[in-house]
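Worksheet for the structure shown next.
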Amino acid sequence: MKIKLENLEKKLDGNVIIENVNMEFESGNIYGLVGRNGSGKTMIMKCLCGFMKSKGDIIIDGVKVDTSKKYLDSVGVLIETPGFIEHYSAFDNLKELASIKKIASDDEIKELLNEVGLDWQDKKKVKKYSLGMRQKLGIAMAFLEEPELIILDEPFNALDEATEAVVVEMIKKRKEAGKLIIITCHDSSMIEELCSKVYKIENHTAKLM
Ligand SMILES: Nc1ncnc2c1ncn2[C@@H]1O[C@H](COP(=O)(O)OP(=O)(O)OP(=O)(O)O)[C@@H](O)[C@H]1O
């Protein structure tokens with residue numbers, strides 16, 4: 001998959017959030033978005049996913065998409081607070097999502113929860129989860145169904161060191177499998193370790209570093 005953003009622009013309340021954003025992403029790579037707080041990294045991800053309407057073009061495999069319709073079939077997203085069903089367990093949350101999406105089997109869900117370090121048998125409701133536990137579940141959700149495109153906004157937030165290392169490996173494994181991964185992260189050594197290409201978001205626009 002090849003994604004091109006052409007002259008992406010987003011204004012909110014009359015203020016320019018991003019403009020003249022031109023970026024290219026291709027499967028088999030991990031891309032990093034870096035930049036100061038409030039520079040527009042999350043906004044670019046939201047516009048790319050279609051969570052936010054924007055001006056400009058999104059071109060996927062050479063075809064300009066109609067952003068009024070769903071245009072990403074196989075995408076896993078972790079942006080800000082994921083939409084959990086708070087009174088469900090972790091397993092039941094993934095099971096619900098799997099039934100809405102395609103058909104990840106119970107065994108795949110168990111394996112994924114195990115991978116991120118959550119106990120699939122834990123009946124604790126998600127509303128009682130710690131920050132790190134919520135982050136782990138959000139990551140599991142983004143990886144569910146092995147999507148072709150994985151978008152992770154600050155995936156390492158609130159994770160302990162051991163889990164961080166696991167998530168790094170999960171991301172690398174998907175890259176090796178030819179998936180397209182886009183991440184933001186404030187840790188420059190992590191960005192350097194993971195990403196083949198890095199865009200710096202500055203002055204409302206994106207520059208390849
Ligand atoms: N819903 C909104 N309404 C108005 N302004 C918004 C909204 N969401 C984001 N912004 C503004 O857009 C700009 C970019 O925000 P964004 O969340 O994309 O930054 P970021 O680079 O992801 O920052 P951080 O590193 O802090 O996560 C900020 O100035 C922010 O205040």
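As shown in the structure tokens, the chain order sets the letters A, B, ...; within each chain, residues go from 1, and ligands are also counted from 1 in the order they appear.
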Within 12 Å of ligand 1, counting only C-alpha atoms and all ligand atoms, residues as a PyMOL selection string
chain A and resi 9-19+33-48+51-53+79-80+152-155+157+183-187+199-206
What would the file look like if the residues just selected were written as a compact mmCIF listing (two decimals), in the first residue's frame with N, CA and C atoms?
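Result went into result.txt, see below:
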# COMPACT_ATOMS: atom_id res chain seq x y z
N GLU A 9 -4.64 20.17 4.66
CA GLU A 9 -4.81 21.40 5.43
C GLU A 9 -5.98 21.23 6.39
N LYS A 10 -5.76 21.69 7.61
CA LYS A 10 -6.84 21.65 8.60
C LYS A 10 -6.86 22.93 9.41
N LYS A 11 -8.01 23.56 9.41
CA LYS A 11 -8.20 24.75 10.25
C LYS A 11 -9.25 24.42 11.29
N LEU A 12 -9.09 24.94 12.48
CA LEU A 12 -10.11 24.79 13.51
C LEU A 12 -10.34 26.15 14.14
N ASP A 13 -11.57 26.52 14.25
CA ASP A 13 -11.94 27.82 14.81
C ASP A 13 -11.16 28.95 14.14
N GLY A 14 -10.95 28.84 12.83
CA GLY A 14 -10.23 29.88 12.09
C GLY A 14 -8.72 29.81 12.23
N ASN A 15 -8.22 28.90 13.05
CA ASN A 15 -6.77 28.78 13.22
C ASN A 15 -6.21 27.65 12.36
N VAL A 16 -5.08 27.94 11.72
CA VAL A 16 -4.44 26.89 10.93
C VAL A 16 -3.80 25.88 11.89
N ILE A 17 -4.17 24.63 11.74
CA ILE A 17 -3.54 23.57 12.55
C ILE A 17 -2.41 22.94 11.72
N ILE A 18 -2.76 22.55 10.50
CA ILE A 18 -1.74 22.07 9.57
C ILE A 18 -2.04 22.63 8.18
N GLU A 19 -0.99 22.84 7.39
CA GLU A 19 -1.19 23.27 6.00
C GLU A 19 -0.01 22.84 5.14
N LEU A 33 6.57 10.27 13.22
CA LEU A 33 6.23 11.70 13.20
C LEU A 33 6.76 12.29 14.50
N VAL A 34 7.61 13.30 14.36
CA VAL A 34 8.14 13.95 15.56
C VAL A 34 7.80 15.44 15.51
N GLY A 35 7.90 16.07 16.64
CA GLY A 35 7.59 17.49 16.71
C GLY A 35 7.14 17.84 18.11
N ARG A 36 7.14 19.14 18.38
CA ARG A 36 6.82 19.59 19.72
C ARG A 36 5.35 19.35 20.05
N ASN A 37 5.02 19.46 21.32
CA ASN A 37 3.63 19.35 21.75
C ASN A 37 2.79 20.36 20.97
N GLY A 38 1.68 19.89 20.46
CA GLY A 38 0.77 20.79 19.76
C GLY A 38 1.18 21.12 18.33
N SER A 39 2.21 20.43 17.81
CA SER A 39 2.68 20.76 16.45
C SER A 39 1.76 20.20 15.36
N GLY A 40 0.96 19.21 15.70
CA GLY A 40 -0.01 18.72 14.71
C GLY A 40 0.15 17.25 14.33
N LYS A 41 0.94 16.51 15.07
CA LYS A 41 1.17 15.10 14.75
C LYS A 41 -0.13 14.29 14.82
N THR A 42 -0.83 14.47 15.93
CA THR A 42 -2.08 13.73 16.09
C THR A 42 -3.09 14.15 15.03
N MET A 43 -3.12 15.45 14.75
CA MET A 43 -4.07 15.94 13.76
C MET A 43 -3.82 15.30 12.39
N ILE A 44 -2.56 15.18 12.00
CA ILE A 44 -2.25 14.55 10.71
C ILE A 44 -2.75 13.10 10.70
N MET A 45 -2.52 12.41 11.81
CA MET A 45 -2.99 11.02 11.89
C MET A 45 -4.51 10.94 11.81
N LYS A 46 -5.18 11.87 12.49
CA LYS A 46 -6.64 11.86 12.46
C LYS A 46 -7.17 12.14 11.06
N CYS A 47 -6.52 13.08 10.36
CA CYS A 47 -6.96 13.40 9.00
C CYS A 47 -6.70 12.22 8.06
N LEU A 48 -5.55 11.60 8.25
CA LEU A 48 -5.21 10.44 7.42
C LEU A 48 -6.24 9.32 7.58
N PHE A 51 -10.77 10.48 10.59
CA PHE A 51 -11.47 10.84 11.84
C PHE A 51 -11.79 12.33 11.85
N MET A 52 -11.00 13.09 11.10
CA MET A 52 -11.20 14.54 10.99
C MET A 52 -11.26 14.88 9.52
N LYS A 53 -12.20 15.72 9.17
CA LYS A 53 -12.28 16.19 7.78
C LYS A 53 -11.15 17.17 7.53
N ILE A 79 -5.15 6.15 18.91
CA ILE A 79 -5.04 7.61 19.00
C ILE A 79 -5.79 8.07 20.23
N GLU A 80 -5.09 8.77 21.10
CA GLU A 80 -5.70 9.28 22.33
C GLU A 80 -6.42 8.17 23.09
N LEU A 152 -0.10 4.46 15.37
CA LEU A 152 0.06 4.44 16.82
C LEU A 152 0.54 5.80 17.31
N ASP A 153 -0.33 6.50 18.03
CA ASP A 153 0.03 7.80 18.57
C ASP A 153 0.56 7.59 19.99
N GLU A 154 1.81 7.85 20.19
CA GLU A 154 2.45 7.65 21.50
C GLU A 154 2.21 6.26 22.08
N PRO A 155 2.60 5.22 21.34
CA PRO A 155 2.28 3.87 21.82
C PRO A 155 2.97 3.48 23.13
N ASN A 157 3.51 5.39 25.77
CA ASN A 157 3.05 6.13 26.95
C ASN A 157 2.59 5.17 28.03
N ILE A 183 4.06 5.95 13.50
CA ILE A 183 4.02 6.19 14.94
C ILE A 183 4.45 7.63 15.29
N THR A 184 3.96 8.11 16.41
CA THR A 184 4.54 9.31 17.01
C THR A 184 5.16 8.89 18.32
N CYS A 185 6.23 9.57 18.70
CA CYS A 185 6.91 9.22 19.93
C CYS A 185 7.84 10.37 20.27
N HIS A 186 7.91 10.70 21.56
CA HIS A 186 8.77 11.82 21.97
C HIS A 186 10.19 11.37 22.30
N ASP A 187 10.41 10.04 22.26
CA ASP A 187 11.73 9.51 22.59
C ASP A 187 12.54 9.36 21.29
N TYR A 199 9.32 12.11 9.73
CA TYR A 199 8.84 13.44 9.35
C TYR A 199 8.83 14.33 10.59
N LYS A 200 9.37 15.50 10.42
CA LYS A 200 9.29 16.47 11.50
C LYS A 200 8.13 17.42 11.23
N ILE A 201 7.27 17.58 12.20
CA ILE A 201 6.12 18.48 12.06
C ILE A 201 6.49 19.78 12.76
N GLU A 202 6.51 20.83 11.97
CA GLU A 202 6.97 22.13 12.47
C GLU A 202 6.32 23.22 11.63
N ASN A 203 6.00 24.34 12.24
CA ASN A 203 5.36 25.44 11.52
C ASN A 203 4.16 24.96 10.69
N HIS A 204 3.38 24.10 11.27
CA HIS A 204 2.14 23.56 10.69
C HIS A 204 2.36 22.61 9.52
N THR A 205 3.60 22.32 9.18
CA THR A 205 3.82 21.47 8.02
C THR A 205 4.80 20.33 8.34
N ALA A 206 4.96 19.43 7.36
CA ALA A 206 5.79 18.23 7.59
C ALA A 206 7.01 18.25 6.68
Please tabulate, as CSV, the residues of stretch 45-91 of chain A that come within 12 Å of stretch 108-117 of chain A, each with its closest pair of atoms and the distance in Å to one decimal, counting only C-alpha atoms and ordering rows by chain, then residue number upward.
residue,atom,partner,partner_atom,distance
A:Ser89,CA,A:Leu113,CA,11.4
A:Ala90,CA,A:Leu113,CA,8.0
A:Phe91,CA,A:Ile109,CA,7.1
Could you please take those selected residues and save C-alpha atoms as an mmCIF file, in the first residue's frame?
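Dumped everything to part.cif:
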data_model
loop_
_atom_site.group_PDB
_atom_site.id
_atom_site.type_symbol
_atom_site.label_atom_id
_atom_site.label_comp_id
_atom_site.auth_asym_id
_atom_site.auth_seq_id
_atom_site.Cartn_x
_atom_site.Cartn_y
_atom_site.Cartn_z
ATOM 1 C CA SER A 89 -13.200 -7.239 30.527
ATOM 2 C CA ALA A 90 -10.192 -6.928 28.180
ATOM 3 C CA PHE A 91 -11.084 -10.205 26.470
#
Nearest to A:Ser99, chosen from A:Leu208, A:Leu144, A:Leu180, A:Leu118, with only C-alpha atoms counted in the distances:
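Going through A:Leu208, A:Leu144, A:Leu180, A:Leu118 one by one, the smallest distance to A:Ser99 is for A:Leu144.
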Please extract the residues of stretch 2-137 of chain A with a backbone DSSP assignment of alpha helix (DSSP H) and present them as an MDAnalysis selection string.
chainID A and resid 41:49 90:100 106:116 131:137
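Of note, atom CA of A:Lys179 and atom CA of A:Ser196 are spaced 13.1 Å apart.
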